[in-house]
>>> print(open('structure_39.tsv').read())   # TSV, C-alpha atoms (C1' of nucleotides)
chain	number	residue	atom	x	y	z
A	697	MET	CA	4.26	-113.32	18.82
A	698	LYS	CA	6.73	-113.61	15.94
A	699	ALA	CA	3.93	-114.49	13.48
A	700	ILE	CA	5.22	-112.46	10.55
A	701	PRO	CA	8.64	-113.50	9.28
A	702	GLN	CA	11.17	-110.73	9.05
A	703	PHE	CA	11.83	-110.98	5.29
A	704	ILE	CA	8.12	-110.58	4.61
A	705	ARG	CA	7.94	-107.50	6.82
A	706	HIS	CA	10.93	-106.04	5.02
A	707	SER	CA	9.47	-106.82	1.62
A	708	LEU	CA	6.22	-105.11	2.53
A	709	LEU	CA	8.02	-102.09	3.87
A	710	TYR	CA	10.24	-101.85	0.82
A	711	GLY	CA	7.36	-102.36	-1.56
A	712	GLY	CA	5.32	-99.74	0.28
A	713	SER	CA	8.17	-97.31	0.19
A	714	LEU	CA	8.58	-97.86	-3.52
A	715	ALA	CA	4.88	-97.30	-4.15
A	716	LEU	CA	4.97	-94.14	-2.07
A	717	LEU	CA	8.01	-93.00	-3.99
A	718	VAL	CA	6.34	-93.52	-7.34
A	719	MET	CA	3.38	-91.47	-6.17
A	720	LEU	CA	5.70	-88.73	-4.98
A	721	LEU	CA	7.49	-88.96	-8.26
A	722	LYS	CA	4.26	-88.53	-10.27
A	723	TRP	CA	3.28	-85.56	-8.16
A	724	MET	CA	6.71	-84.01	-8.59
A	725	GLN	CA	6.46	-84.52	-12.35
A	726	TRP	CA	3.31	-82.39	-12.38
A	727	LYS	CA	4.85	-79.77	-10.17
A	728	PHE	CA	8.39	-79.38	-11.48
A	729	LEU	CA	8.47	-80.66	-15.02
A	730	ILE	CA	7.78	-77.15	-16.30
A	731	LEU	CA	10.89	-75.89	-14.58
A	732	ASP	CA	14.29	-76.34	-16.13
A	733	HIS	CA	16.81	-78.48	-14.21
A	734	SER	CA	14.10	-79.58	-11.86
A	735	THR	CA	14.99	-83.22	-12.63
A	736	GLU	CA	18.35	-82.91	-10.86
A	737	ILE	CA	16.75	-81.62	-7.68
A	738	TYR	CA	14.18	-84.32	-7.67
A	739	VAL	CA	16.71	-87.08	-8.41
A	740	GLY	CA	18.85	-85.75	-5.56
A	741	MET	CA	15.91	-86.01	-3.20
A	742	VAL	CA	15.29	-89.55	-4.39
A	743	ALA	CA	18.95	-90.32	-3.85
A	744	VAL	CA	18.90	-88.97	-0.29
A	745	PHE	CA	15.65	-90.82	0.51
A	746	PHE	CA	16.87	-94.15	-0.79
A	747	THR	CA	20.23	-93.76	0.90
A	748	LEU	CA	18.44	-93.31	4.20
A	749	LEU	CA	16.16	-96.22	3.36
A	750	GLY	CA	19.19	-98.39	2.60
A	751	ILE	CA	20.84	-97.41	5.87
A	752	TRP	CA	17.68	-98.21	7.78
A	753	MET	CA	17.30	-101.57	6.03
A	754	ALA	CA	20.86	-102.51	6.68
A	755	ARG	CA	20.50	-101.61	10.35
A	756	GLN	CA	17.42	-103.78	10.61
A	757	LEU	CA	19.15	-106.67	8.89
A	758	THR	CA	22.43	-106.44	10.77
A	759	ARG	CA	21.05	-105.61	14.18
A	760	GLN	CA	21.56	-109.14	15.47
A	761	LYS	CA	24.90	-109.54	13.81
A	762	VAL	CA	27.07	-109.12	16.87
A	763	GLU	CA	30.61	-110.27	17.07
A	764	THR	CA	31.16	-112.05	20.36
A	765	ILE	CA	34.54	-112.09	21.96
A	766	ILE	CA	34.95	-114.57	24.76
A	767	VAL	CA	37.40	-113.44	27.40
A	768	GLU	CA	38.51	-115.95	29.96
A	769	LYS	CA	38.91	-114.48	33.42
A	770	GLU	CA	41.04	-116.48	35.84
A	771	VAL	CA	39.52	-117.09	39.22
A	772	ILE	CA	41.71	-118.36	42.01
A	773	VAL	CA	40.25	-121.39	43.70
A	774	GLU	CA	41.61	-123.30	46.66
A	775	SER	CA	42.45	-126.83	45.65
A	776	ALA	CA	39.73	-128.73	47.46
A	777	GLN	CA	40.74	-132.16	46.27
A	778	GLU	CA	38.85	-135.15	47.46
A	779	ARG	CA	40.19	-138.42	48.84
A	780	ASN	CA	42.72	-139.95	46.55
A	781	GLU	CA	41.23	-143.38	45.86
A	782	GLU	CA	43.71	-143.90	43.10
A	783	ALA	CA	46.68	-143.77	45.44
A	784	ILE	CA	45.01	-146.25	47.78
A	785	LYS	CA	44.44	-148.64	44.91
A	786	LYS	CA	47.99	-148.20	43.65
A	787	LEU	CA	49.39	-149.09	47.06
A	788	GLY	CA	46.97	-152.00	47.36
A	789	LEU	CA	45.59	-150.91	50.71
A	790	SER	CA	42.55	-152.79	51.98
A	791	ALA	CA	39.54	-151.05	53.55
A	792	ARG	CA	40.58	-151.88	57.10
A	793	GLU	CA	44.16	-150.84	56.47
A	794	THR	CA	43.00	-147.51	55.14
A	795	GLU	CA	40.91	-146.99	58.28
A	796	VAL	CA	43.91	-147.74	60.46
A	797	LEU	CA	46.08	-145.44	58.37
A	798	GLU	CA	43.68	-142.55	58.86
A	799	LEU	CA	43.71	-143.02	62.61
A	800	ILE	CA	47.50	-143.23	62.59
A	801	ALA	CA	47.71	-139.97	60.66
A	802	LYS	CA	45.51	-138.32	63.27
A	803	GLY	CA	48.04	-139.21	65.94
A	804	ASN	CA	46.36	-142.19	67.56
A	805	SER	CA	48.36	-144.93	69.27
A	806	ASN	CA	47.82	-148.58	68.46
A	807	ALA	CA	45.84	-149.02	71.69
A	808	GLU	CA	43.58	-146.08	70.80
A	809	ILE	CA	43.03	-147.45	67.32
A	810	ALA	CA	42.15	-150.86	68.77
A	811	ALA	CA	39.60	-149.24	71.07
A	812	GLN	CA	38.03	-147.14	68.32
A	813	LEU	CA	37.72	-150.02	65.85
A	814	PHE	CA	36.82	-152.61	68.50
A	815	LEU	CA	39.89	-154.68	67.68
A	816	SER	CA	42.57	-156.32	69.75
A	817	LEU	CA	45.98	-154.68	69.95
A	818	SER	CA	47.38	-157.66	68.05
A	819	THR	CA	45.11	-157.08	65.12
A	820	VAL	CA	46.00	-153.43	64.96
A	821	LYS	CA	49.67	-154.28	65.03
A	822	THR	CA	49.18	-156.75	62.20
A	823	HIS	CA	47.38	-154.12	60.11
A	824	VAL	CA	50.05	-151.55	60.89
A	825	SER	CA	52.85	-153.91	59.91
A	826	ASN	CA	51.16	-154.86	56.64
A	827	LEU	CA	50.52	-151.17	56.04
A	828	PHE	CA	54.20	-150.34	56.40
A	829	VAL	CA	55.20	-153.04	53.93
A	830	LYS	CA	52.64	-151.86	51.37
A	831	MET	CA	53.50	-148.19	51.82
A	832	ASP	CA	57.25	-148.90	51.93
A	833	VAL	CA	57.82	-147.01	55.18
A	834	LYS	CA	59.39	-147.93	58.47
A	835	SER	CA	57.35	-146.03	61.05
A	836	ARG	CA	53.86	-144.67	61.69
A	837	THR	CA	55.15	-141.12	61.40
A	838	GLN	CA	56.50	-141.82	57.93
A	839	ALA	CA	53.21	-143.47	57.03
A	840	ALA	CA	51.28	-140.41	58.21
A	841	GLU	CA	53.56	-138.08	56.25
A	842	LYS	CA	53.23	-140.17	53.08
A	843	ALA	CA	49.47	-140.47	53.50
A	844	LYS	CA	49.12	-136.71	53.71
A	845	ARG	CA	51.48	-136.19	50.79
A	846	LEU	CA	49.47	-138.61	48.63
A	847	LYS	CA	46.19	-137.02	49.83
A	848	ILE	CA	44.98	-140.35	51.12
A	849	ILE	CA	43.84	-138.71	54.33
A	850	SER	CA	41.55	-135.68	54.55
B	513	MET	CA	48.89	-98.22	8.30
B	514	LYS	CA	45.61	-96.68	9.40
B	515	ALA	CA	46.67	-93.22	8.24
B	516	ILE	CA	43.35	-92.10	6.78
B	517	PRO	CA	40.54	-91.78	9.32
B	518	GLN	CA	37.44	-93.73	8.51
B	519	PHE	CA	35.03	-90.82	8.30
B	520	ILE	CA	37.23	-89.09	5.70
B	521	ARG	CA	37.36	-92.25	3.62
B	522	HIS	CA	33.61	-92.50	3.82
B	523	SER	CA	33.13	-88.87	2.85
B	524	LEU	CA	35.38	-89.25	-0.18
B	525	LEU	CA	33.59	-92.38	-1.26
B	526	TYR	CA	30.21	-90.83	-0.83
B	527	GLY	CA	31.24	-87.63	-2.58
B	528	GLY	CA	32.80	-89.62	-5.41
B	529	SER	CA	29.70	-91.69	-5.77
B	530	LEU	CA	27.54	-88.57	-5.91
B	531	ALA	CA	29.73	-86.99	-8.55
B	532	LEU	CA	29.65	-90.16	-10.59
B	533	LEU	CA	25.90	-90.24	-10.21
B	534	VAL	CA	25.51	-86.70	-11.44
B	535	MET	CA	27.64	-87.50	-14.49
B	536	LEU	CA	25.55	-90.60	-15.15
B	537	LEU	CA	22.46	-88.50	-14.69
B	538	LYS	CA	23.61	-85.92	-17.23
B	539	TRP	CA	24.44	-88.62	-19.75
B	540	MET	CA	21.04	-90.26	-19.17
B	541	GLN	CA	19.32	-86.93	-19.69
B	542	TRP	CA	20.91	-86.77	-23.16
B	543	LYS	CA	19.99	-90.29	-23.93
B	544	PHE	CA	16.49	-90.70	-22.56
B	545	LEU	CA	14.95	-87.28	-22.29
B	546	ILE	CA	13.48	-87.67	-25.73
B	547	LEU	CA	11.65	-90.81	-24.65
B	548	ASP	CA	8.45	-90.62	-22.69
B	549	HIS	CA	8.47	-92.10	-19.15
B	550	SER	CA	12.22	-92.45	-19.29
B	551	THR	CA	12.47	-90.37	-16.11
B	552	GLU	CA	10.82	-93.12	-14.08
B	553	ILE	CA	13.34	-95.72	-15.23
B	554	TYR	CA	16.24	-93.51	-14.49
B	555	VAL	CA	14.90	-92.48	-11.07
B	556	GLY	CA	14.39	-96.17	-10.30
B	557	MET	CA	18.02	-96.86	-11.13
B	558	VAL	CA	19.06	-94.00	-8.92
B	559	ALA	CA	16.89	-95.37	-6.13
B	560	VAL	CA	18.39	-98.84	-6.40
B	561	PHE	CA	21.91	-97.46	-6.53
B	562	PHE	CA	21.47	-95.26	-3.49
B	563	THR	CA	19.71	-97.98	-1.56
B	564	LEU	CA	22.69	-100.23	-2.13
B	565	LEU	CA	25.00	-97.35	-1.19
B	566	GLY	CA	23.05	-96.81	2.03
B	567	ILE	CA	23.23	-100.50	2.90
B	568	TRP	CA	26.95	-100.51	2.30
B	569	MET	CA	27.45	-97.40	4.42
B	570	ALA	CA	25.43	-98.82	7.28
B	571	ARG	CA	27.42	-102.06	7.19
B	572	GLN	CA	30.65	-100.09	7.35
B	573	LEU	CA	29.39	-98.08	10.30
B	574	THR	CA	28.02	-100.99	12.31
B	575	ARG	CA	30.79	-103.47	11.65
B	576	GLN	CA	32.51	-102.81	14.96
B	577	LYS	CA	29.56	-103.81	17.06
B	578	VAL	CA	31.28	-106.26	19.42
B	579	GLU	CA	29.89	-108.02	22.41
B	580	THR	CA	32.35	-109.15	25.03
B	581	ILE	CA	31.50	-112.19	27.10
B	582	ILE	CA	33.60	-112.76	30.17
B	583	VAL	CA	33.90	-116.38	31.11
B	584	GLU	CA	35.24	-117.18	34.55
B	585	LYS	CA	37.87	-119.87	34.40
B	586	GLU	CA	38.75	-121.69	37.60
B	587	VAL	CA	42.44	-121.93	38.31
B	588	ILE	CA	43.59	-124.27	41.02
B	589	VAL	CA	46.24	-122.70	43.14
B	590	GLU	CA	48.18	-124.46	45.84
B	591	SER	CA	47.93	-122.55	49.08
B	592	ALA	CA	51.58	-121.58	49.44
B	593	GLN	CA	51.40	-120.17	52.90
B	594	GLU	CA	54.60	-119.32	54.68
B	595	ARG	CA	55.88	-120.66	57.97
B	596	ASN	CA	53.71	-119.77	60.91
B	597	GLU	CA	56.14	-118.01	63.22
B	598	GLU	CA	53.28	-116.85	65.34
B	599	ALA	CA	52.28	-120.37	66.33
B	600	ILE	CA	55.88	-121.21	67.22
B	601	LYS	CA	56.09	-118.20	69.49
B	602	LYS	CA	52.74	-118.98	71.07
B	603	LEU	CA	53.89	-122.50	71.94
B	604	GLY	CA	57.21	-121.16	73.19
B	605	LEU	CA	59.28	-123.45	70.97
B	606	SER	CA	63.00	-122.76	70.85
B	607	ALA	CA	65.00	-122.76	67.61
B	608	ARG	CA	66.45	-126.23	68.23
B	609	GLU	CA	63.10	-127.62	69.20
B	610	THR	CA	61.56	-126.27	66.01
B	611	GLU	CA	64.31	-127.94	63.99
B	612	VAL	CA	63.64	-131.24	65.71
B	613	LEU	CA	59.91	-130.84	65.19
B	614	GLU	CA	60.37	-130.37	61.46
B	615	LEU	CA	62.44	-133.53	61.20
B	616	ILE	CA	59.87	-135.42	63.25
B	617	ALA	CA	57.11	-134.25	60.91
B	618	LYS	CA	59.11	-135.55	57.95
B	619	GLY	CA	59.09	-139.01	59.49
B	620	ASN	CA	62.63	-139.17	60.89
B	621	SER	CA	63.43	-141.35	63.89
B	622	ASN	CA	65.27	-139.97	66.90
B	623	ALA	CA	68.47	-141.63	65.73
B	624	GLU	CA	68.16	-140.04	62.27
B	625	ILE	CA	67.51	-136.64	63.80
B	626	ALA	CA	70.56	-137.04	66.02
B	627	ALA	CA	72.70	-137.87	62.99
B	628	GLN	CA	71.37	-134.97	60.92
B	629	LEU	CA	71.82	-132.38	63.66
B	630	PHE	CA	75.08	-133.86	64.98
B	631	LEU	CA	73.55	-134.52	68.36
B	632	SER	CA	73.49	-137.51	70.71
B	633	LEU	CA	70.37	-139.61	70.92
B	634	SER	CA	69.95	-138.40	74.49
B	635	THR	CA	69.81	-134.78	73.43
B	636	VAL	CA	67.24	-135.51	70.78
B	637	LYS	CA	65.14	-137.38	73.31
B	638	THR	CA	65.32	-134.44	75.67
B	639	HIS	CA	64.25	-132.03	72.92
B	640	VAL	CA	61.44	-134.33	71.89
B	641	SER	CA	60.19	-134.67	75.45
B	642	ASN	CA	60.26	-130.91	76.03
B	643	LEU	CA	58.55	-130.49	72.68
B	644	PHE	CA	55.71	-132.78	73.72
B	645	VAL	CA	55.16	-130.86	76.93
B	646	LYS	CA	55.12	-127.51	75.15
B	647	MET	CA	52.87	-128.76	72.38
B	648	ASP	CA	50.64	-130.68	74.76
B	649	VAL	CA	50.87	-133.96	72.86
B	650	LYS	CA	51.86	-137.47	73.84
B	651	SER	CA	53.60	-138.84	70.74
B	652	ARG	CA	55.70	-137.75	67.78
B	653	THR	CA	52.83	-138.57	65.42
B	654	GLN	CA	50.53	-136.24	67.31
B	655	ALA	CA	53.23	-133.59	67.26
B	656	ALA	CA	53.61	-133.99	63.50
B	657	GLU	CA	49.86	-133.76	62.99
B	658	LYS	CA	49.57	-130.65	65.14
B	659	ALA	CA	52.59	-129.04	63.48
B	660	LYS	CA	51.02	-129.51	60.07
B	661	ARG	CA	47.67	-128.30	61.31
B	662	LEU	CA	49.25	-125.14	62.76
B	663	LYS	CA	51.33	-124.70	59.57
B	664	ILE	CA	54.53	-124.78	61.59
B	665	ILE	CA	56.07	-127.10	59.05
B	666	SER	CA	56.25	-126.53	55.30
C	1008	DA	C1'	77.23	-112.17	90.65
C	1009	DA	C1'	72.98	-114.67	90.68
C	1010	DA	C1'	69.21	-116.14	88.23
C	1011	DC	C1'	67.55	-117.71	84.10
C	1012	DC	C1'	67.28	-120.03	79.74
C	1013	DA	C1'	68.68	-122.79	75.79
C	1014	DC	C1'	71.41	-126.46	74.62
C	1015	DT	C1'	73.89	-130.36	75.49
C	1016	DC	C1'	74.52	-135.20	77.30
C	1017	DA	C1'	73.98	-139.19	80.37
C	1018	DT	C1'	71.69	-143.13	82.94
C	1019	DA	C1'	67.87	-145.83	84.13
C	1020	DC	C1'	63.51	-147.18	83.40
C	1021	DT	C1'	58.69	-147.88	81.35
C	1022	DT	C1'	55.90	-147.98	77.56
C	1023	DT	C1'	54.86	-148.37	72.93
C	1024	DA	C1'	55.98	-149.58	68.38
C	1025	DG	C1'	57.30	-152.73	65.26
C	1026	DT	C1'	58.71	-157.60	63.48
C	1027	DA	C1'	58.17	-162.49	62.79
C	1028	DC	C1'	55.50	-166.36	62.57
C	1029	DC	C1'	51.39	-168.63	63.05
C	1030	DA	C1'	46.40	-169.63	62.57
C	1031	DA	C1'	41.38	-169.42	62.09
C	1032	DA	C1'	37.12	-167.38	60.13
C	1033	DT	C1'	35.24	-164.73	56.44
C	1034	DT	C1'	34.61	-162.73	52.02
C	1035	DC	C1'	34.75	-162.64	47.26
C	1036	DG	C1'	35.90	-163.24	42.50
C	1037	DA	C1'	36.98	-166.69	38.91
D	257	DT	C1'	32.95	-174.12	44.78
D	258	DC	C1'	37.84	-173.58	45.20
D	259	DG	C1'	41.52	-170.58	46.23
D	260	DA	C1'	43.19	-166.03	47.17
D	261	DA	C1'	42.76	-162.10	49.80
D	262	DT	C1'	41.00	-160.01	53.87
D	263	DT	C1'	40.22	-159.75	58.61
D	264	DT	C1'	40.90	-161.17	62.92
D	265	DG	C1'	43.75	-162.69	66.77
D	266	DG	C1'	47.68	-164.75	69.29
D	267	DT	C1'	52.73	-165.26	71.24
D	268	DA	C1'	57.32	-163.91	71.56
D	269	DC	C1'	60.76	-160.94	70.78
D	270	DT	C1'	63.48	-156.68	69.45
D	271	DA	C1'	63.75	-151.89	68.62
D	272	DA	C1'	62.41	-147.54	69.36
D	273	DA	C1'	60.01	-144.05	71.76
D	274	DG	C1'	59.08	-141.70	75.72
D	275	DT	C1'	59.79	-140.34	80.89
D	276	DA	C1'	62.34	-138.94	84.86
D	277	DT	C1'	66.17	-137.04	86.79
D	278	DG	C1'	70.48	-134.99	86.98
D	279	DA	C1'	74.20	-132.22	85.35
D	280	DG	C1'	77.51	-129.28	82.71
D	281	DT	C1'	78.17	-125.21	79.46
D	282	DG	C1'	77.43	-120.71	77.51
D	283	DG	C1'	74.94	-116.58	77.05
D	284	DT	C1'	71.65	-112.97	78.63
D	285	DT	C1'	69.23	-110.34	81.95
D	286	DT	C1'	68.51	-108.10	86.30
>>> encode(input="structure_39.tsv", output="structure tokens")
Amino acid sequence: MKAIPQFIRHSLLYGGSLALLVMLLKWMQWKFLILDHSTEIYVGMVAVFFTLLGIWMARQLTRQKVETIIVEKEVIVESAQERNEEAIKKLGLSARETEVLELIAKGNSNAEIAAQLFLSLSTVKTHVSNLFVKMDVKSRTQAAEKAKRLKIIS
Amino acid sequence: MKAIPQFIRHSLLYGGSLALLVMLLKWMQWKFLILDHSTEIYVGMVAVFFTLLGIWMARQLTRQKVETIIVEKEVIVESAQERNEEAIKKLGLSARETEVLELIAKGNSNAEIAAQLFLSLSTVKTHVSNLFVKMDVKSRTQAAEKAKRLKIIS
DNA sequence: AAACCACTCATACTTTAGTACCAAATTCGA
DNA sequence: TCGAATTTGGTACTAAAGTATGAGTGGTTT
């Protein structure tokens, strides 16, 4: 669609306008040269015409020249942060320990955790004890509080 | 600073330019009228001059064309919701019980709660037991979880 | 005043949590 | 493939949590 480049179109238009003007000029010479001070009138017309032509050209050339101002609009978003893997790594929690921690934070007892994970109560207790050492807490409630504070649990 | 309105400035400039042009024109009449075809040269100069003037005017007039792009920027905001008094009332928790619940949710043991509230361990145990009945839970960890879920605690 | 409720404290008891120490099987990276 | 870490499980014990019951005090409501 954009076969003809813009500068060529402009050149043609300008050239055409000039040619037309020269013709007009020749005709005016015939018509007004006999009159005194006719040159001023005719130069004034030329001036007006070319001023308009200049304005039109400039508008064509600067039409795309648009200054863009980027305004940042703040949008409030709830902090939907995902599981904090970094905290888990920092504490050195193993996969099983993390599972147990999640169930603790949900309010499960050791027996319930054992049942859900198909483990013996002993195993759960071992995990819980190791968990407390790694998390530097002294009870499951503290562990749950810390887990939620560190966003380890959902 | 912007004492002179733009359209007045433009009018003065344009008027000045016209006056200058007329003077130039008069001088050129003296100089070139004796020569044949001199009119064409001088009209051409006028044309070029006024074309340039038109371009300049158009640029002045269209300089303020500004496009504003609004970019939405996400801002993470912590949900700072206040204490849920409604939930406390619905559960029928007393003032003392709510105090105890908060300390439980922070991971305190019964002994620590007793020390902080200047109560005996027995009293704390009584509060905790009543709390569990009212909240329909079976352990302090469950109570803490429910309290946080119902936004009773901070 | 009687009834009611919140708060306090106690004793006795059961259950669960938590600690310590051990040990075997498995997994996994160096 | 060797060793470290993980996972699993056990016993024995202590500490804490939780339940049940009772009781005294102070304040409010009916």
>>> interface_residues(input="structure_39.tsv", of="chain A", to="chain C", cutoff="8 Å", atoms="only C-alpha atoms (C1' of nucleotides)", output="PyMOL selection string")
chain A and resi 821+825+835
>>> write_last_selection(input="structure_39.tsv", atoms="C-alpha atoms", output="CSV table (one decimal), in the coordinates of the input")
chain,number,residue,atom,x,y,z
A,821,LYS,CA,49.7,-154.3,65.0
A,825,SER,CA,52.8,-153.9,59.9
A,835,SER,CA,57.4,-146.0,61.0
>>> atom_distance(input="structure_39.tsv", atom1="atom CA of Glu609 of chain B", atom2="atom CA of Glu841 of chain A")
19.2 Å
>>> closest_residue(input="structure_39.tsv", among="D:DC269, D:DT262, D:DT286, D:DT277", to="chain A", atoms="all atoms listed in the file")
D:DT262
>>> interface_residues(input="structure_39.tsv", of="chain D", to="chain B", cutoff="12 Å", atoms="only C-alpha atoms (C1' of nucleotides)", output="list in words")
DA271, DA272, DA273, DG274, DT275, DA276 and DT277 of chain D
>>> closest_residue(input="structure_39.tsv", among="B:Met535, B:Leu565, B:Met557, B:Ile665", to="chain A", atoms="all atoms listed in the file")
B:Leu565
>>> atom_distance(input="structure_39.tsv", atom1="atom CA of Lys601 of chain B", atom2="atom CA of Lys646 of chain B")
10.9 Å
>>> closest_residue(input="structure_39.tsv", among="A:Lys802, A:His823, A:Arg792, A:Arg845", to="chain B", atoms="only C-alpha atoms")
A:Lys802
>>> decode(input="structure_39.tsv", residues="segment 821-837 of chain A", atoms="C-alpha atoms", output="PDB file, in the first residue's frame")
ATOM      1  CA  LYS A 821       8.159 -37.200  66.521  1.00  0.00           C
ATOM      2  CA  THR A 822      11.661 -37.528  65.130  1.00  0.00           C
ATOM      3  CA  HIS A 823      10.815 -35.197  62.239  1.00  0.00           C
ATOM      4  CA  VAL A 824       9.178 -32.737  64.600  1.00  0.00           C
ATOM      5  CA  SER A 825      12.171 -32.711  66.925  1.00  0.00           C
ATOM      6  CA  ASN A 826      14.623 -32.192  64.081  1.00  0.00           C
ATOM      7  CA  LEU A 827      12.329 -29.483  62.741  1.00  0.00           C
ATOM      8  CA  PHE A 828      12.424 -27.604  66.034  1.00  0.00           C
ATOM      9  CA  VAL A 829      16.212 -27.704  66.147  1.00  0.00           C
ATOM     10  CA  LYS A 830      16.505 -26.436  62.571  1.00  0.00           C
ATOM     11  CA  MET A 831      13.886 -23.735  63.038  1.00  0.00           C
ATOM     12  CA  ASP A 832      15.227 -22.777  66.476  1.00  0.00           C
ATOM     13  CA  VAL A 833      11.854 -23.065  68.213  1.00  0.00           C
ATOM     14  CA  LYS A 834      10.647 -24.975  71.228  1.00  0.00           C
ATOM     15  CA  SER A 835       7.075 -25.933  70.359  1.00  0.00           C
ATOM     16  CA  ARG A 836       4.831 -26.747  67.400  1.00  0.00           C
ATOM     17  CA  THR A 837       2.900 -23.531  67.921  1.00  0.00           C
TER      18      THR A 837
END
